[in-house]
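Student: One structure follows; several queries about it will come next.
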Amino acid sequence: MKRRYIILTVICCLLLGYVAGTYLTSRAYRRQSAVLVDYISRIGGSSNNKISTLISAIDRMYVDSVDVDTLIEAALPMLLEKLDPHSAYYPVEEAQESNEELHGSFSGIGIQFSMQDDTIHVNSVVRGGPSEKVGVLAGDRILYIDDSLFAGRKMNSNDIVRNLRGPEGSEVKIGVLRPGDEGIMDFTIERGPIPVKSVDAAYMISDGIGYIVLNKFGETTYSEMMTGLAKLKNEGCRKLIVDLRGNTGGFLGAAIQIVNEFLPKGRMIVYTQGLHSEYAAEYANGRGLFQNIPMVVLIDEISASASEIFSGAIQDNDRGTIVGRRSFGKGLVQQPIDFSDGSSVRLTIARYYTPSGRCIQKPYGGGEDYEMDIVNRWSRGEFFSADSVHFDESQMFTTNSGRTVYGGGGIMPDVFVPQDTLPYNEYYASVVRRSLSNSFALKYVDSHRSELSGLKTWQEIVGYIDKHNADGEFEAYIRSKDIKRPSSLPSVISEQMKRILRAGIVYDAADMQEYIAYINTFDTTVGRALELLMDDSSAD
């Protein structure tokens, strides 16, 4: 009962809105959590509101037995969805997964896998990880996990992950079938920490131009970023592309740390403010190591939150060029509230503002279909033409140099690059719909693993593919799936088919950086960034 009333008290807190502070750093979060706990203890078990009264009445008077905890689990999401799109409740498993992503590691066995023909295929093994230490190899098929049969069943990837992950130091047994070997091999693996990387690639994309891509802003992102930048500098990097496309955000503090590396002393990075949160601004301290490097930042419609703080600070301070398409538009700051059972709430407590004073949060409420916004942008043609993007003139602001920028709906890039399009073709659409390039790539790598294992770069892998007629094998594989190739295929479609095949094989045969390096060779947004930096002679 005591735990039940604590939960009810927290619900009261949510309704009354007495959560203060801004989650800028983990230290600030700990301070605010302490304030929250103190507040809860002071208001005690007060129940003079409808929600706690109703739950208490159900518990004491309802005709049948009721699990009140289950009622509360159902009530929390409904309470929060009435506030804003980003205040949310996370049950235990979802909260754990979210924390693992942002904290930079989880406890598991260290493999990347996929389901193919109802069987778990090990695509790659983390170097130095628990699986590699006991002898698990890429190409192995996992048939059993802890004596439970997993082969021949259509399993959800999340279910497999939940069986393979577990507390650090715990053990899991897997039964493996290895192509070319007879019988099932048994491995007992002690789970250990598996890093979750924020930097997917950091390499020299052209003479003097470095490229680095961030997939999130987590606890380890700053150190990963600095390691990547140091590597690029040692390799002669004089100009930089920072790719934030698809980066949905993360910790505000990580974004502030990284932006600080690029801005001169005294320049504002971001400020936050809410009804119960005082104005708080962050400024560059002047100790950044890359304050003068010419740079381009890439964004798209998925770039959100901390990604928009980064790109907004760069844009408003006229520090670099933003290239791509309009970003997501999330300008709300969430405060984590963790419950003792491992579940948590992310409660919006403030808005953040870019240095020019704009809040880039897109509209919500009032009939706005928030969840369908990206689809609606596509329908309006925003992905293909900058003229299709319209901003509220009342949300007009200026950068340090006087350039016009807009709030109220994401970051509009300085240079717009439309989404690549292909002429519609039913043959290609059928291949993509059924993910045949992915499934064939796995089979191809599996059957050529001994040769491909000695190839380290995407250039070497693509050269091997070209030499061994993988395209012909791919066409035969498509035919085996009852998809007939038309007598005449447009050259642009044929070329795209070759690209997605090579991309899939490089992805399965090499690491993420080589995969990204390959697809960047025909990425129009990256190509535009390179053009801009090559035209800029300020660093030469």
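Residue numbering restarts at 1 in every chain; chains get A, B, ... in the order shown in the structure tokens, and ligands count up from 1 in that same order.
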Taking 6 positions as the minimum chain separation for residues in the same chain, which residues sit within 9 Å of Glu282 in chain A when counting only C-alpha atoms? Answer as a list of chain:residue names.
Tutor: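 Near neighbours after the sequence-gap exclusion: A:Ile256, A:Arg267, A:Met268, A:Ile269, A:Val270, A:Tyr271, A:Thr272.
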Student: Next, dump the selected residues to file, keeping only C-alpha atoms, as a JSON list (two decimals), in the first residue's frame.
Tutor:
```json
[["chain", "number", "residue", "atom", "x", "y", "z"],
["A", 256, "ILE", "CA", 26.16, 21.86, -25.54],
["A", 267, "ARG", "CA", 28.75, 33.13, -28.05],
["A", 268, "MET", "CA", 25.41, 31.82, -26.84],
["A", 269, "ILE", "CA", 24.71, 28.14, -27.47],
["A", 270, "VAL", "CA", 21.15, 27.79, -26.17],
["A", 271, "TYR", "CA", 18.83, 29.00, -23.44],
["A", 272, "THR", "CA", 15.89, 27.32, -21.73]]
```
Student: Smallest atom-to-atom distance to Val176 in chain A: which of A:Tyr144, A:Tyr427, A:Phe113, A:Phe328, using only C-alpha atoms?
Tutor: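 Using only C-alpha atoms, the shortest distance to Val176 in chain A belongs to A:Tyr144.
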Student: Between A:Ile516, A:Ala510, A:Leu263, A:Met412, which one has atoms that come closest to Asn292 in chain A, using only C-alpha atoms?
Tutor: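 Comparing A:Ile516, A:Ala510, A:Leu263, A:Met412 against Asn292 in chain A, the winner is A:Leu263.
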Student: Using only C-alpha atoms, which residues sit within 9 Å of range 372-380 of chain A once same-chain residues fewer than 5 positions away are excluded, as number ranges by chain?
Tutor: A: 301-302, 328, 388-389
Student: Let's see if you can do this: from backbone DSSP, list all helix (DSSP H, G or I) residues in range 388-495 of chain A, as number ranges by chain.
Tutor: A: 388, 393-395, 426-433, 436-447, 449-452, 458-467, 470-480, 491-495
Student: Do you know which residues are at most 12 Å from His468 in chain A counting only C-alpha atoms, after dropping those on the same chain fewer than 6 positions away, and could you put them as a list in words?
Tutor: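 Result of the neighbour search: Tyr444, His448, Glu451, Leu452, Ile461, Val462 and Phe474 of chain A.
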Student: With N, CA and C atoms retained, could you export that selection as a PDB file, in the first residue's frame?
Tutor:
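Saved to selection_1.pdb:
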```
ATOM      1  N   TYR A 444      24.692 -13.887 -49.873  1.00  0.00           N
ATOM      2  CA  TYR A 444      25.915 -13.734 -50.664  1.00  0.00           C
ATOM      3  C   TYR A 444      27.142 -13.690 -49.750  1.00  0.00           C
ATOM      4  N   HIS A 448      30.265 -16.392 -49.469  1.00  0.00           N
ATOM      5  CA  HIS A 448      31.586 -15.907 -49.896  1.00  0.00           C
ATOM      6  C   HIS A 448      32.385 -15.366 -48.717  1.00  0.00           C
ATOM      7  N   GLU A 451      36.334 -15.423 -48.655  1.00  0.00           N
ATOM      8  CA  GLU A 451      36.994 -14.459 -49.528  1.00  0.00           C
ATOM      9  C   GLU A 451      36.784 -13.022 -49.041  1.00  0.00           C
ATOM     10  N   LEU A 452      35.554 -12.705 -48.631  1.00  0.00           N
ATOM     11  CA  LEU A 452      35.243 -11.336 -48.222  1.00  0.00           C
ATOM     12  C   LEU A 452      35.892 -10.956 -46.893  1.00  0.00           C
ATOM     13  N   ILE A 461      35.641  -4.534 -51.564  1.00  0.00           N
ATOM     14  CA  ILE A 461      34.439  -5.371 -51.593  1.00  0.00           C
ATOM     15  C   ILE A 461      33.661  -5.155 -52.887  1.00  0.00           C
ATOM     16  N   VAL A 462      33.481  -3.889 -53.284  1.00  0.00           N
ATOM     17  CA  VAL A 462      32.773  -3.596 -54.530  1.00  0.00           C
ATOM     18  C   VAL A 462      33.536  -4.166 -55.722  1.00  0.00           C
ATOM     19  N   PHE A 474      21.978 -11.931 -58.284  1.00  0.00           N
ATOM     20  CA  PHE A 474      20.874 -11.187 -57.674  1.00  0.00           C
ATOM     21  C   PHE A 474      19.626 -11.277 -58.552  1.00  0.00           C
TER      22      PHE A 474
END
```
Student: Excluding range 211-226 of chain A and its own-chain neighbours fewer than 6 positions away, which residues fall within 10 Å of it when counting only C-alpha atoms? Please give them as a VMD selection string.
Tutor: chain A and resid 25 to 26 99 to 105 195 to 205 232 237 239 to 259 261 289 295 to 298 303 to 307 513 516 to 517 526 530
Student: CA of Leu442 in chain A to CA of Lys173 in chain A: how many Å, to one decimal?
Tutor: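 If I compute the distance from CA of Leu442 in chain A to CA of Lys173 in chain A, I get 24.6 Å.
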